[in-house]
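upload.tsv follows (TSV, C-alpha atoms):
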```tsv
chain	number	residue	atom	x	y	z
A	1	THR	CA	96.90	-25.92	78.79
A	2	GLN	CA	94.04	-23.43	78.61
A	3	LEU	CA	94.89	-19.99	79.90
A	4	LEU	CA	91.20	-19.48	80.61
A	5	GLU	CA	89.26	-22.24	82.35
A	6	GLN	CA	85.52	-22.30	81.87
A	7	SER	CA	82.99	-24.24	83.89
A	8	PRO	CA	80.83	-26.11	83.59
A	9	GLN	CA	81.75	-27.58	80.23
A	10	PHE	CA	78.14	-28.59	79.55
A	11	LEU	CA	74.90	-27.35	81.05
A	12	SER	CA	71.37	-28.47	80.23
A	13	ILE	CA	68.44	-26.73	81.92
A	14	GLN	CA	64.73	-26.15	81.51
A	15	GLU	CA	63.34	-22.91	80.16
A	16	GLY	CA	62.74	-20.43	82.98
A	17	GLU	CA	65.62	-21.59	85.17
A	18	ASN	CA	68.54	-19.40	86.21
A	19	LEU	CA	72.17	-20.35	85.62
A	20	THR	CA	75.70	-19.11	86.14
A	21	VAL	CA	78.81	-20.03	84.18
A	22	TYR	CA	82.35	-19.19	85.13
A	23	CYS	CA	85.63	-18.17	83.56
A	24	ASN	CA	88.78	-18.42	85.68
A	25	SER	CA	92.46	-17.80	85.20
A	26	SER	CA	95.65	-17.57	87.22
A	27	SER	CA	96.58	-14.53	85.14
A	28	VAL	CA	95.45	-10.94	85.53
A	29	PHE	CA	93.70	-9.47	82.53
A	30	SER	CA	93.19	-5.83	81.69
A	31	SER	CA	89.80	-6.87	80.29
A	32	LEU	CA	87.74	-9.95	79.53
A	33	GLN	CA	85.12	-10.58	76.93
A	34	TRP	CA	82.18	-12.96	76.61
A	35	TYR	CA	81.12	-14.29	73.23
A	36	ARG	CA	78.24	-16.52	72.18
A	37	GLN	CA	78.53	-18.96	69.32
A	38	GLU	CA	75.63	-20.64	67.57
A	39	PRO	CA	75.98	-23.77	65.42
A	40	GLY	CA	77.53	-23.07	62.04
A	41	GLU	CA	78.52	-19.54	62.94
A	42	GLY	CA	81.48	-17.73	64.38
A	43	PRO	CA	81.48	-16.30	67.93
A	44	VAL	CA	79.74	-12.97	68.44
A	45	LEU	CA	80.68	-10.52	71.17
A	46	LEU	CA	78.22	-10.10	74.04
A	47	VAL	CA	80.14	-7.84	76.40
A	48	THR	CA	83.54	-6.54	77.46
A	49	VAL	CA	84.36	-6.02	81.14
A	50	VAL	CA	87.26	-3.77	81.98
A	51	THR	CA	87.22	-2.71	85.64
A	52	GLY	CA	87.75	-5.09	88.56
A	53	GLY	CA	84.40	-5.69	90.27
A	54	GLU	CA	82.48	-4.36	87.29
A	55	VAL	CA	78.96	-5.62	86.69
A	56	LYS	CA	77.30	-5.25	83.31
A	57	LYS	CA	73.77	-6.19	82.40
A	58	LEU	CA	72.47	-7.09	78.97
A	59	LYS	CA	68.74	-7.79	79.32
A	60	ARG	CA	68.56	-11.10	81.22
A	61	LEU	CA	72.35	-11.57	81.18
A	62	THR	CA	74.53	-10.25	84.00
A	63	PHE	CA	78.31	-10.24	83.64
A	64	GLN	CA	80.74	-9.69	86.48
A	65	PHE	CA	84.49	-9.16	86.45
A	66	GLY	CA	86.33	-10.33	89.55
A	67	ASP	CA	87.94	-7.77	91.83
A	68	ALA	CA	91.39	-9.17	91.03
A	69	ARG	CA	90.61	-9.22	87.30
A	70	LYS	CA	91.39	-12.95	87.08
A	71	ASP	CA	87.86	-14.30	86.73
A	72	SER	CA	84.44	-13.52	85.40
A	73	SER	CA	80.94	-14.93	85.59
A	74	LEU	CA	77.87	-14.85	83.41
A	75	HIS	CA	74.46	-15.21	85.01
A	76	ILE	CA	71.32	-15.75	82.96
A	77	THR	CA	67.94	-15.15	84.54
A	78	ALA	CA	64.88	-17.03	83.33
A	79	ALA	CA	66.68	-18.80	80.51
A	80	GLN	CA	64.97	-19.10	77.14
A	81	THR	CA	65.47	-21.62	74.36
A	82	GLY	CA	67.07	-18.86	72.33
A	83	ASP	CA	69.90	-18.70	74.88
A	84	THR	CA	71.12	-22.11	73.70
A	85	GLY	CA	74.67	-21.91	72.42
A	86	LEU	CA	78.35	-22.03	73.28
A	87	TYR	CA	79.47	-19.29	75.66
A	88	LEU	CA	83.13	-18.36	75.40
A	89	CYS	CA	85.24	-16.06	77.49
A	90	ALA	CA	88.25	-14.38	75.94
A	91	GLY	CA	91.18	-12.46	77.29
A	92	GLY	CA	94.54	-11.28	76.20
A	93	ASN	CA	96.91	-8.48	76.93
A	94	ASN	CA	98.68	-8.84	73.59
A	95	ASP	CA	96.60	-11.43	71.80
A	96	MET	CA	93.08	-12.82	71.91
A	97	ARG	CA	92.74	-16.25	73.52
A	98	PHE	CA	89.61	-18.14	74.36
A	99	GLY	CA	88.46	-20.58	76.97
A	100	ALA	CA	87.02	-23.92	75.87
A	101	GLY	CA	83.50	-22.64	76.48
A	102	THR	CA	80.31	-23.70	78.22
A	103	ARG	CA	77.83	-25.45	75.97
A	104	LEU	CA	74.37	-24.43	77.18
A	105	THR	CA	71.17	-26.18	76.17
A	106	VAL	CA	67.86	-24.69	77.26
A	107	LYS	CA	65.00	-27.13	76.85
A	108	PRO	CA	61.39	-26.00	76.33
B	1	ASP	CA	80.98	-3.83	55.23
B	2	ALA	CA	80.04	-7.47	54.61
B	3	GLY	CA	82.02	-8.65	57.61
B	4	VAL	CA	84.82	-11.18	57.64
B	5	ILE	CA	84.51	-13.49	54.66
B	6	GLN	CA	85.94	-16.98	54.62
B	7	SER	CA	86.06	-19.51	51.84
B	8	PRO	CA	85.29	-22.23	51.30
B	9	ARG	CA	82.59	-22.92	53.92
B	10	HIS	CA	83.21	-26.64	53.67
B	11	GLU	CA	86.20	-28.59	52.42
B	12	VAL	CA	86.58	-32.34	52.18
B	13	THR	CA	89.94	-33.61	51.07
B	14	GLU	CA	92.00	-36.75	51.12
B	15	MET	CA	94.92	-37.24	53.42
B	16	GLY	CA	98.11	-35.95	51.88
B	17	GLN	CA	96.47	-33.26	49.79
B	18	GLU	CA	97.18	-29.57	50.09
B	19	VAL	CA	94.41	-27.43	51.56
B	20	THR	CA	94.16	-23.65	51.32
B	21	LEU	CA	91.73	-21.65	53.42
B	22	ARG	CA	91.01	-18.03	52.58
B	23	CYS	CA	89.98	-14.98	54.55
B	24	LYS	CA	89.03	-11.41	53.74
B	25	PRO	CA	89.06	-9.25	56.89
B	26	ILE	CA	86.95	-6.20	57.57
B	27	SER	CA	88.38	-3.17	55.83
B	28	GLY	CA	90.39	-0.98	58.17
B	29	HIS	CA	91.13	-3.70	60.72
B	30	ASP	CA	94.86	-3.98	61.34
B	31	TYR	CA	94.78	-7.36	63.10
B	32	LEU	CA	93.88	-10.71	61.63
B	33	PHE	CA	93.64	-13.93	63.64
B	34	TRP	CA	93.41	-17.56	62.57
B	35	TYR	CA	91.78	-20.01	65.01
B	36	ARG	CA	91.05	-23.72	64.95
B	37	GLN	CA	88.07	-25.13	66.82
B	38	THR	CA	87.54	-28.73	67.87
B	39	MET	CA	85.43	-30.32	70.58
B	40	MET	CA	88.53	-31.61	72.32
B	41	ARG	CA	90.66	-28.47	72.30
B	42	GLY	CA	88.16	-25.64	71.94
B	43	LEU	CA	89.09	-22.48	70.05
B	44	GLU	CA	92.85	-22.35	69.63
B	45	LEU	CA	94.75	-19.32	68.37
B	46	LEU	CA	97.04	-20.45	65.56
B	47	ILE	CA	98.60	-17.19	64.36
B	48	TYR	CA	97.87	-13.51	64.15
B	49	PHE	CA	99.01	-10.68	61.92
B	50	ASN	CA	99.38	-6.95	62.46
B	51	ASN	CA	99.51	-4.82	59.33
B	52	ASN	CA	100.11	-7.96	57.25
B	53	VAL	CA	103.10	-9.04	59.37
B	54	PRO	CA	102.92	-12.28	61.40
B	55	ILE	CA	103.32	-11.38	65.07
B	56	ASP	CA	102.83	-14.67	66.91
B	57	ASP	CA	102.74	-18.06	65.20
B	58	SER	CA	103.42	-20.11	68.33
B	59	GLY	CA	100.03	-21.77	68.00
B	60	MET	CA	100.73	-23.22	64.57
B	61	PRO	CA	100.79	-26.95	65.29
B	62	GLU	CA	103.48	-28.09	62.87
B	63	ASP	CA	105.51	-27.14	59.84
B	64	ARG	CA	102.71	-28.51	57.70
B	65	PHE	CA	100.78	-25.36	58.55
B	66	SER	CA	101.64	-22.00	57.04
B	67	ALA	CA	99.84	-18.66	56.84
B	68	LYS	CA	100.37	-15.59	54.72
B	69	MET	CA	98.89	-12.15	54.43
B	70	PRO	CA	100.10	-10.64	51.14
B	71	ASN	CA	97.96	-7.52	51.58
B	72	ALA	CA	95.52	-5.90	53.99
B	73	SER	CA	92.48	-7.53	52.42
B	74	PHE	CA	93.52	-11.15	52.08
B	75	SER	CA	95.03	-13.97	54.10
B	76	THR	CA	95.52	-17.68	53.56
B	77	LEU	CA	96.08	-20.64	55.83
B	78	LYS	CA	97.64	-23.60	54.08
B	79	ILE	CA	98.04	-27.18	55.25
B	80	GLN	CA	100.42	-29.35	53.26
B	81	PRO	CA	100.18	-32.30	53.50
B	82	SER	CA	96.85	-32.58	55.28
B	83	GLU	CA	96.14	-35.31	57.84
B	84	PRO	CA	92.86	-36.61	59.35
B	85	ARG	CA	93.71	-34.99	62.70
B	86	ASP	CA	93.59	-31.60	60.99
B	87	SER	CA	89.83	-31.99	60.66
B	88	ALA	CA	88.27	-29.03	62.47
B	89	VAL	CA	86.51	-25.74	61.91
B	90	TYR	CA	88.95	-22.98	61.07
B	91	PHE	CA	87.97	-19.41	61.86
B	92	CYS	CA	89.41	-16.14	60.74
B	93	ALA	CA	88.76	-13.00	62.80
B	94	SER	CA	89.75	-9.37	62.43
B	95	SER	CA	90.01	-6.54	64.90
B	96	SER	CA	91.43	-3.06	65.34
B	97	SER	CA	93.49	-4.29	68.34
B	98	PRO	CA	94.88	-7.57	69.69
B	99	ARG	CA	93.68	-6.74	73.17
B	100	SER	CA	90.54	-8.13	74.71
B	101	ASN	CA	88.99	-4.70	75.14
B	102	THR	CA	88.28	-4.59	71.43
B	103	GLU	CA	85.73	-6.68	69.60
B	104	ALA	CA	86.98	-9.42	67.31
B	105	PHE	CA	84.74	-10.07	64.33
B	106	PHE	CA	84.64	-13.66	63.13
B	107	GLY	CA	83.90	-15.19	59.77
B	108	GLN	CA	81.54	-18.12	59.49
B	109	GLY	CA	84.40	-20.57	59.45
B	110	THR	CA	85.63	-23.30	57.14
B	111	ARG	CA	84.72	-26.83	58.16
B	112	LEU	CA	87.62	-29.02	57.04
B	113	THR	CA	87.31	-32.77	56.84
B	114	VAL	CA	90.38	-34.80	55.94
B	115	VAL	CA	89.61	-38.41	55.08
```
Written as structure tokens, how would this file's structure read?
Amino acid sequence: TQLLEQSPQFLSIQEGENLTVYCNSSSVFSSLQWYRQEPGEGPVLLVTVVTGGEVKKLKRLTFQFGDARKDSSLHITAAQTGDTGLYLCAGGNNDMRFGAGTRLTVKP
Amino acid sequence: DAGVIQSPRHEVTEMGQEVTLRCKPISGHDYLFWYRQTMMRGLELLIYFNNNVPIDDSGMPEDRFSAKMPNASFSTLKIQPSEPRDSAVYFCASSSSPRSNTEAFFGQGTRLTVV
């Protein structure tokens, strides 16, 4: 059983569209992280959210941590083909565990 | 620092053979994690070490799997005997903390195929 549930599992969109992916848990986390993984590589950290209700922006990516610190979302504005990859959320109060990820494909 | 280094990048072995995966963490990181990634199960935490000591090995699937960290700059994950269902990408990561407020740095992974 995954501690962190991510949805959707797969997402295929056209370049220029907006999208939101979700990370949910029944547990409270002191912080959550989002990573992106490209084929043949290990995951790379995008952002860490720490405070309930926190919103962080990284260019066209907007990350939000839920008020109760049990969930998070990632919104991408005007997606580009370079955004294609596997988006993973991670949390852990004493270890580092990952959701199954959302596999995003942005088509030209 | 060159980052987390894993070897080999690819390994193909026959069922029943012993497989050893290697990892060199980033210097100064006290925590080392081993993960297994498959399409079906995602990125699973197998075991992690703190200062070379195994802290949580509850994710190790069976007794066929073992991991060691003889010193701060080297860790191994061994599968003996290997089975086709062990085929996956195995990642090593290192960090200065086990908590998710600290970045984990991943190696490029070892793609294991057991035939």
Skipping near chain neighbours, those fewer than 5 positions away, what residues fall within 9 Å of stretch 74-77 of chain B using only C-alpha atoms, listed as a PyMOL selection string? chain B and resi 19-25+32+34+52+65-69+92
Generate the output file for the selected residues, C-alpha atoms, as a compact mmCIF listing (two decimals), in the coordinates of the input.
```
# COMPACT_ATOMS: atom_id res chain seq x y z
CA VAL B 19 94.41 -27.43 51.56
CA THR B 20 94.16 -23.65 51.32
CA LEU B 21 91.73 -21.65 53.42
CA ARG B 22 91.01 -18.03 52.58
CA CYS B 23 89.98 -14.98 54.55
CA LYS B 24 89.03 -11.41 53.74
CA PRO B 25 89.06 -9.25 56.89
CA LEU B 32 93.88 -10.71 61.63
CA TRP B 34 93.41 -17.56 62.57
CA ASN B 52 100.11 -7.96 57.25
CA PHE B 65 100.78 -25.36 58.55
CA SER B 66 101.64 -22.00 57.04
CA ALA B 67 99.84 -18.66 56.84
CA LYS B 68 100.37 -15.59 54.72
CA MET B 69 98.89 -12.15 54.43
CA CYS B 92 89.41 -16.14 60.74
```
List every residue of chain A that has an atom at most 12 Å from any atom of chain B, and for each one report the closest atom pair and its distance in Å to one decimal, counting only C-alpha atoms, with rows sorted by chain and then by increasing residue number, as a Markdown table.
```
| residue | atom | partner | partner_atom | distance |
| --- | --- | --- | --- | --- |
| A:Thr1 | CA | B:Arg41 | CA | 9.4 |
| A:Gln2 | CA | B:Arg41 | CA | 8.8 |
| A:Leu3 | CA | B:Glu44 | CA | 10.7 |
| A:Leu4 | CA | B:Gly42 | CA | 11.1 |
| A:Glu5 | CA | B:Gly42 | CA | 11.0 |
| A:Gln6 | CA | B:Gly42 | CA | 10.8 |
| A:Gln9 | CA | B:Gly42 | CA | 10.7 |
| A:Phe10 | CA | B:Met39 | CA | 11.7 |
| A:Phe29 | CA | B:Ser100 | CA | 8.5 |
| A:Ser30 | CA | B:Ser100 | CA | 7.8 |
| A:Ser31 | CA | B:Asn101 | CA | 5.6 |
| A:Leu32 | CA | B:Ser100 | CA | 5.9 |
| A:Gln33 | CA | B:Ser100 | CA | 6.3 |
| A:Trp34 | CA | B:Ser100 | CA | 9.8 |
| A:Tyr35 | CA | B:Glu103 | CA | 9.6 |
| A:Arg36 | CA | B:Phe106 | CA | 11.4 |
| A:Gln37 | CA | B:Phe106 | CA | 10.2 |
| A:Glu38 | CA | B:Gln108 | CA | 10.3 |
| A:Pro39 | CA | B:Gln108 | CA | 9.9 |
| A:Gly40 | CA | B:Gln108 | CA | 6.9 |
| A:Glu41 | CA | B:Gln108 | CA | 4.8 |
| A:Gly42 | CA | B:Gln108 | CA | 4.9 |
| A:Pro43 | CA | B:Phe106 | CA | 6.3 |
| A:Val44 | CA | B:Phe105 | CA | 7.1 |
| A:Leu45 | CA | B:Glu103 | CA | 6.5 |
| A:Leu46 | CA | B:Glu103 | CA | 9.4 |
| A:Val47 | CA | B:Glu103 | CA | 8.9 |
| A:Thr48 | CA | B:Asn101 | CA | 6.2 |
| A:Val49 | CA | B:Asn101 | CA | 7.7 |
| A:Val50 | CA | B:Asn101 | CA | 7.1 |
| A:Thr51 | CA | B:Asn101 | CA | 10.8 |
| A:Leu86 | CA | B:Gly42 | CA | 10.5 |
| A:Tyr87 | CA | B:Gly42 | CA | 11.4 |
| A:Leu88 | CA | B:Leu43 | CA | 9.0 |
| A:Cys89 | CA | B:Ser100 | CA | 9.9 |
| A:Ala90 | CA | B:Ser100 | CA | 6.8 |
| A:Gly91 | CA | B:Ser100 | CA | 5.1 |
| A:Gly92 | CA | B:Ser100 | CA | 5.3 |
| A:Asn93 | CA | B:Arg99 | CA | 5.3 |
| A:Asn94 | CA | B:Arg99 | CA | 5.4 |
| A:Asp95 | CA | B:Pro98 | CA | 4.7 |
| A:Met96 | CA | B:Pro98 | CA | 6.0 |
| A:Arg97 | CA | B:Leu45 | CA | 6.3 |
| A:Phe98 | CA | B:Leu43 | CA | 6.1 |
| A:Gly99 | CA | B:Gly42 | CA | 7.1 |
| A:Ala100 | CA | B:Gly42 | CA | 4.4 |
| A:Gly101 | CA | B:Gly42 | CA | 7.2 |
| A:Thr102 | CA | B:Gly42 | CA | 10.2 |
| A:Arg103 | CA | B:Met39 | CA | 10.5 |
```
Self-check item: Contacts of A:Leu11 at 12 Å (only C-alpha atoms; same-chain gap of 2+ positions) as JSON, numbers by chain
Solution: {"A": [6, 7, 8, 9, 13, 14, 17, 18, 19, 20, 21, 22, 79, 83, 84, 85, 86, 87, 101, 102, 103, 104, 105, 106, 107]}
Here atom CA of B:Glu83 and atom CA of B:Phe49 stand apart by 25.1 Å
- prompt: So how far away is atom CA of B:Ile26 from atom CA of A:Val28, in Å?
  reply: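 These two atoms are separated by 29.6 Å.
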Between B:Ser87, B:Ser27, B:Thr113, B:Ser58, which is the closest to B:Ala72 once you count only C-alpha atoms?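 That would be B:Ser27, the residue with the smallest distance to B:Ala72.
Between atom CA of A:Thr77 and atom CA of A:Glu15 the interatomic distance comes to 10.0 Å.
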Taking (98.5, -29.6, 50.5) in the file's own coordinates, collect the residues within 10 Å, counting all atoms listed in the file, and hand them back as an mmCIF file with C-alpha atoms, in the coordinates of the input.
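The resulting file, point-v3.cif, is reproduced below:
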```
data_model
loop_
_atom_site.group_PDB
_atom_site.id
_atom_site.type_symbol
_atom_site.label_atom_id
_atom_site.label_comp_id
_atom_site.auth_asym_id
_atom_site.auth_seq_id
_atom_site.Cartn_x
_atom_site.Cartn_y
_atom_site.Cartn_z
ATOM 1 C CA THR B 13 89.940 -33.610 51.070
ATOM 2 C CA GLU B 14 92.000 -36.750 51.120
ATOM 3 C CA MET B 15 94.920 -37.240 53.420
ATOM 4 C CA GLY B 16 98.110 -35.950 51.880
ATOM 5 C CA GLN B 17 96.470 -33.260 49.790
ATOM 6 C CA GLU B 18 97.180 -29.570 50.090
ATOM 7 C CA VAL B 19 94.410 -27.430 51.560
ATOM 8 C CA THR B 20 94.160 -23.650 51.320
ATOM 9 C CA ARG B 64 102.710 -28.510 57.700
ATOM 10 C CA PHE B 65 100.780 -25.360 58.550
ATOM 11 C CA LYS B 78 97.640 -23.600 54.080
ATOM 12 C CA ILE B 79 98.040 -27.180 55.250
ATOM 13 C CA GLN B 80 100.420 -29.350 53.260
ATOM 14 C CA PRO B 81 100.180 -32.300 53.500
ATOM 15 C CA SER B 82 96.850 -32.580 55.280
ATOM 16 C CA GLU B 83 96.140 -35.310 57.840
#
```
Worksheet entry | Nearest to B:Ser73 by atom-to-atom distance, counting only C-alpha atoms, from B:Val115, B:Met60, B:Ile5, B:Val12 |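 Checking each candidate against B:Ser73, we get B:Ile5 as the closest.
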